[in-house]
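**Student:** One structure is given below, represented as structure tokens, and several questions about it will come after.
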Amino acid sequence: MSDFFTVVHAQRACRDFAPTGLDDDVIARVLDAATFAPSAENRQPWVFVVVRDAARRAQLHDLAQRAWDAGGRDFAAGRLSAGLLADVEHGIAGGGYRAAPVVIVVAADTKRCHPATIPASIFPAVQNLCLAAQASGLGSALTTITTTFAAELATLVDLPDTVVAQAVVPLGYPARPLGPPRREGFAGHTHRDRFGVPW
Ligand SMILES: Cc1cc2nc3c(=O)[nH]c(=O)nc-3n(C[C@H](O)[C@H](O)[C@H](O)COP(=O)(O)O)c2cc1C
């Protein structure tokens with residue numbers, strides 16, 4: 001198990017997976033970490049649908065590809081660097097995500113939380129999940145593009161109307177080392193006492 005800061009400094013989106021399967025106990029450890037995230041009013045509204053079934057995984061990837069082809073790519077092309085656009089395209093349309101042996105649909109149970117708090121109560125759990133995956137030697141990616149086809153996504157994994165998908169996370173062993181994430185230093189984003197006074 002890795003030191004926390006080593007994990008944080010290494011965690012990034014994995015878009016190429018080895019076909020190696022995952023044992024349930026590995027998945028359970030990652031999900032257990034996810035559920036130690038904070039949530040508004042401690043309502044813990046997270047719902048995880050762990051998809052191993054190959055046919056259903058393929059349907060999830062097909063849906064992501066449809067969302068990409070139906071406008072996701074055009075939207076991203078105007079916003080992402082060429083390198084990131086190519087990486088995302090590889091994951092969604094180039095088969096990178098398809099190799100992942102597990103896909104986790106993370107959803108919110110709207111009966112457990114105020115609507116205004118849904119993303120803020122779900123994404124900390126998703127980040128814990130991704131960090132736990134990194135600490136376990138696994139790759140993961142926080143993706144949301146499939147949620148733009150919300151009705152189809154819900155149908156694919158039988159979500160009731162009151163449970164709303166927020167993210168789709170492919171999980172598995174990375175096909176190759178990812179290299180370090182590229183990040184701007186925190187100091188450029190930080191102010192002392194009031195905005196405009198540099199760190
Ligand atoms: C809200 C959110 C939505 C994202 N959606 C997608 C997505 O649909 N597809 C994808 O490949 N990556 C997605 N990402 C991953 C980002 O592209 C990635 O975190 C960012 O480019 C940093 O890259 P790194 O993880 O390689 O350091 C998403 C990340 C966030 C936080």
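Residue numbering restarts at 1 in every chain; chains get A, B, ... in the order shown in the structure tokens, and ligands count up from 1 in that same order.
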Extract, using only C-alpha atoms, all DNA, RNA and protein residues at most 8 Å from range 34-37 of chain A, discarding same-chain residues fewer than 2 positions from it, and format them as a ChimeraX atom specification.

**Tutor:** /A:30-32,39,44,46,124-129,132

**Student:** Residues contacting ligand 1 - anything with an atom at most 6 Å away, using only C-alpha atoms and all ligand atoms - can you give me those as number ranges by chain?

**Tutor:** A: 12-13, 88, 91, 142-145, 181-182

**Student:** Those residues with C-alpha atoms, as a PDB file, in the first residue's frame please?

**Tutor:**
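What ended up in out.pdb:
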ATOM      1  CA  ARG A  12      -4.850  10.258 -13.008  1.00  0.00           C
ATOM      2  CA  ALA A  13      -7.269   9.096 -15.653  1.00  0.00           C
ATOM      3  CA  VAL A  88     -10.211  11.103 -24.341  1.00  0.00           C
ATOM      4  CA  GLY A  91     -10.588   6.006 -24.210  1.00  0.00           C
ATOM      5  CA  LEU A 142     -13.817   9.563 -13.673  1.00  0.00           C
ATOM      6  CA  THR A 143     -16.017   9.951 -16.757  1.00  0.00           C
ATOM      7  CA  THR A 144     -19.323  11.744 -17.156  1.00  0.00           C
ATOM      8  CA  ILE A 145     -19.964  11.774 -20.895  1.00  0.00           C
ATOM      9  CA  PRO A 181      -0.266  14.014 -13.859  1.00  0.00           C
ATOM     10  CA  ARG A 182       0.358  17.489 -15.275  1.00  0.00           C
TER      11      ARG A 182
END

**Student:** Per DSSP on the backbone, filter range 21-198 of chain A down to the residues in strand (DSSP E) and report them as a PyMOL selection string.

**Tutor:** chain A and resi 46-51+102-109+139-140+163-172

**Student:** Once you have the residues from the selection above, write them out as a PDB file, in the first residue's frame, restricted to C-alpha atoms.

**Tutor:**
ATOM      1  CA  TRP A  46     -24.172   6.997  -3.293  1.00  0.00           C
ATOM      2  CA  VAL A  47     -25.230   3.961  -5.293  1.00  0.00           C
ATOM      3  CA  PHE A  48     -22.653   1.826  -7.095  1.00  0.00           C
ATOM      4  CA  VAL A  49     -23.595  -0.549  -9.884  1.00  0.00           C
ATOM      5  CA  VAL A  50     -20.556  -2.758 -10.499  1.00  0.00           C
ATOM      6  CA  VAL A  51     -20.775  -4.081 -14.036  1.00  0.00           C
ATOM      7  CA  VAL A 102     -15.150  -3.660 -14.537  1.00  0.00           C
ATOM      8  CA  VAL A 103     -17.242  -0.551 -15.045  1.00  0.00           C
ATOM      9  CA  ILE A 104     -18.811   1.143 -12.039  1.00  0.00           C
ATOM     10  CA  VAL A 105     -21.829   3.359 -12.572  1.00  0.00           C
ATOM     11  CA  VAL A 106     -21.970   5.780  -9.643  1.00  0.00           C
ATOM     12  CA  ALA A 107     -25.399   7.217  -8.988  1.00  0.00           C
ATOM     13  CA  ALA A 108     -27.251   9.291  -6.410  1.00  0.00           C
ATOM     14  CA  ASP A 109     -30.302   8.080  -4.519  1.00  0.00           C
ATOM     15  CA  GLY A 139      -6.288   2.334 -13.005  1.00  0.00           C
ATOM     16  CA  SER A 140      -9.587   4.198 -13.077  1.00  0.00           C
ATOM     17  CA  VAL A 163     -31.594   6.991  -8.663  1.00  0.00           C
ATOM     18  CA  VAL A 164     -29.661   9.280 -10.993  1.00  0.00           C
ATOM     19  CA  ALA A 165     -26.318   8.342 -12.572  1.00  0.00           C
ATOM     20  CA  GLN A 166     -23.512  10.847 -11.976  1.00  0.00           C
ATOM     21  CA  ALA A 167     -20.384   9.137 -13.299  1.00  0.00           C
ATOM     22  CA  VAL A 168     -19.134   6.028 -15.049  1.00  0.00           C
ATOM     23  CA  VAL A 169     -15.783   4.703 -13.838  1.00  0.00           C
ATOM     24  CA  PRO A 170     -13.891   2.020 -15.774  1.00  0.00           C
ATOM     25  CA  LEU A 171     -11.659   0.055 -13.388  1.00  0.00           C
ATOM     26  CA  GLY A 172      -8.855  -2.422 -13.951  1.00  0.00           C
TER      27      GLY A 172
END

**Student:** Would you write out, as a tab-separated table, a table of all residues in range 79-168 of chain A that have an atom no more than 9 Å from an atom of range 55-60 of chain A, listing for each the closest atom pair and the distance in Å to one decimal, considering only C-alpha atoms and ordering rows by chain and rising residue number?

**Tutor:**
residue	atom	partner	partner_atom	distance
A:Arg98	CA	A:Ala58	CA	6.9
A:Ala100	CA	A:Arg57	CA	8.8
A:Pro101	CA	A:Arg57	CA	8.4
A:Val102	CA	A:Arg57	CA	7.6
A:Val103	CA	A:Arg57	CA	6.6
A:Thr146	CA	A:Leu60	CA	7.8
A:Leu153	CA	A:Leu60	CA	7.3
A:Leu156	CA	A:Arg56	CA	7.2
A:Val157	CA	A:Arg56	CA	8.1
A:Val168	CA	A:Leu60	CA	8.8

**Student:** Residues of the last selection are to be written out with C-alpha atoms, as a compact mmCIF listing (two decimals), in the first residue's frame.

**Tutor:**
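What landed in result_39.txt:
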# COMPACT_ATOMS: atom_id res chain seq x y z
CA ARG A 98 -13.58 -1.22 -23.46
CA ALA A 100 -11.52 -2.50 -18.51
CA PRO A 101 -12.86 -5.66 -16.81
CA VAL A 102 -15.15 -3.66 -14.54
CA VAL A 103 -17.24 -0.55 -15.04
CA THR A 146 -22.32 8.78 -20.71
CA LEU A 153 -27.80 4.81 -19.10
CA LEU A 156 -28.87 -0.22 -19.16
CA VAL A 157 -28.34 -0.83 -15.45
CA VAL A 168 -19.13 6.03 -15.05

**Student:** Closest to Gly137 in chain A among A:Phe195, A:Thr117, A:Pro160, A:Pro174, using only C-alpha atoms?

**Tutor:**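 With only C-alpha atoms as the atom set, the closest residue is A:Pro174.
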
**Student:** Quick one: pick out all helix (DSSP H, G or I) residues within range 12-45 of chain A from a backbone DSSP run and write them as a list in words.

**Tutor:**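 Of range 12-45 of chain A, only Asp24, Asp25, Val26, Ile27, Ala28, Arg29, Val30, Leu31, Asp32, Ala33, Ala34, Ala40, Glu41 and Asn42 of chain A fall in helix (DSSP H, G or I).
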
**Student:** Residues as selected, C-alpha atoms, written as an mmCIF file, in the first residue's frame, can you do that?

**Tutor:**
data_model
loop_
_atom_site.group_PDB
_atom_site.id
_atom_site.type_symbol
_atom_site.label_atom_id
_atom_site.label_comp_id
_atom_site.auth_asym_id
_atom_site.auth_seq_id
_atom_site.Cartn_x
_atom_site.Cartn_y
_atom_site.Cartn_z
ATOM 1 C CA ASP A 24 -14.409 -9.036 -5.641
ATOM 2 C CA ASP A 25 -12.291 -8.323 -2.570
ATOM 3 C CA VAL A 26 -10.221 -5.776 -4.517
ATOM 4 C CA ILE A 27 -13.390 -4.075 -5.737
ATOM 5 C CA ALA A 28 -14.817 -4.186 -2.210
ATOM 6 C CA ARG A 29 -11.762 -2.410 -0.786
ATOM 7 C CA VAL A 30 -12.082 0.364 -3.357
ATOM 8 C CA LEU A 31 -15.814 0.774 -2.732
ATOM 9 C CA ASP A 32 -15.285 0.733 1.022
ATOM 10 C CA ALA A 33 -12.874 3.662 0.627
ATOM 11 C CA ALA A 34 -15.413 5.442 -1.563
ATOM 12 C CA ALA A 40 -24.214 16.603 2.914
ATOM 13 C CA GLU A 41 -26.048 15.778 6.161
ATOM 14 C CA ASN A 42 -24.127 12.474 6.109
#
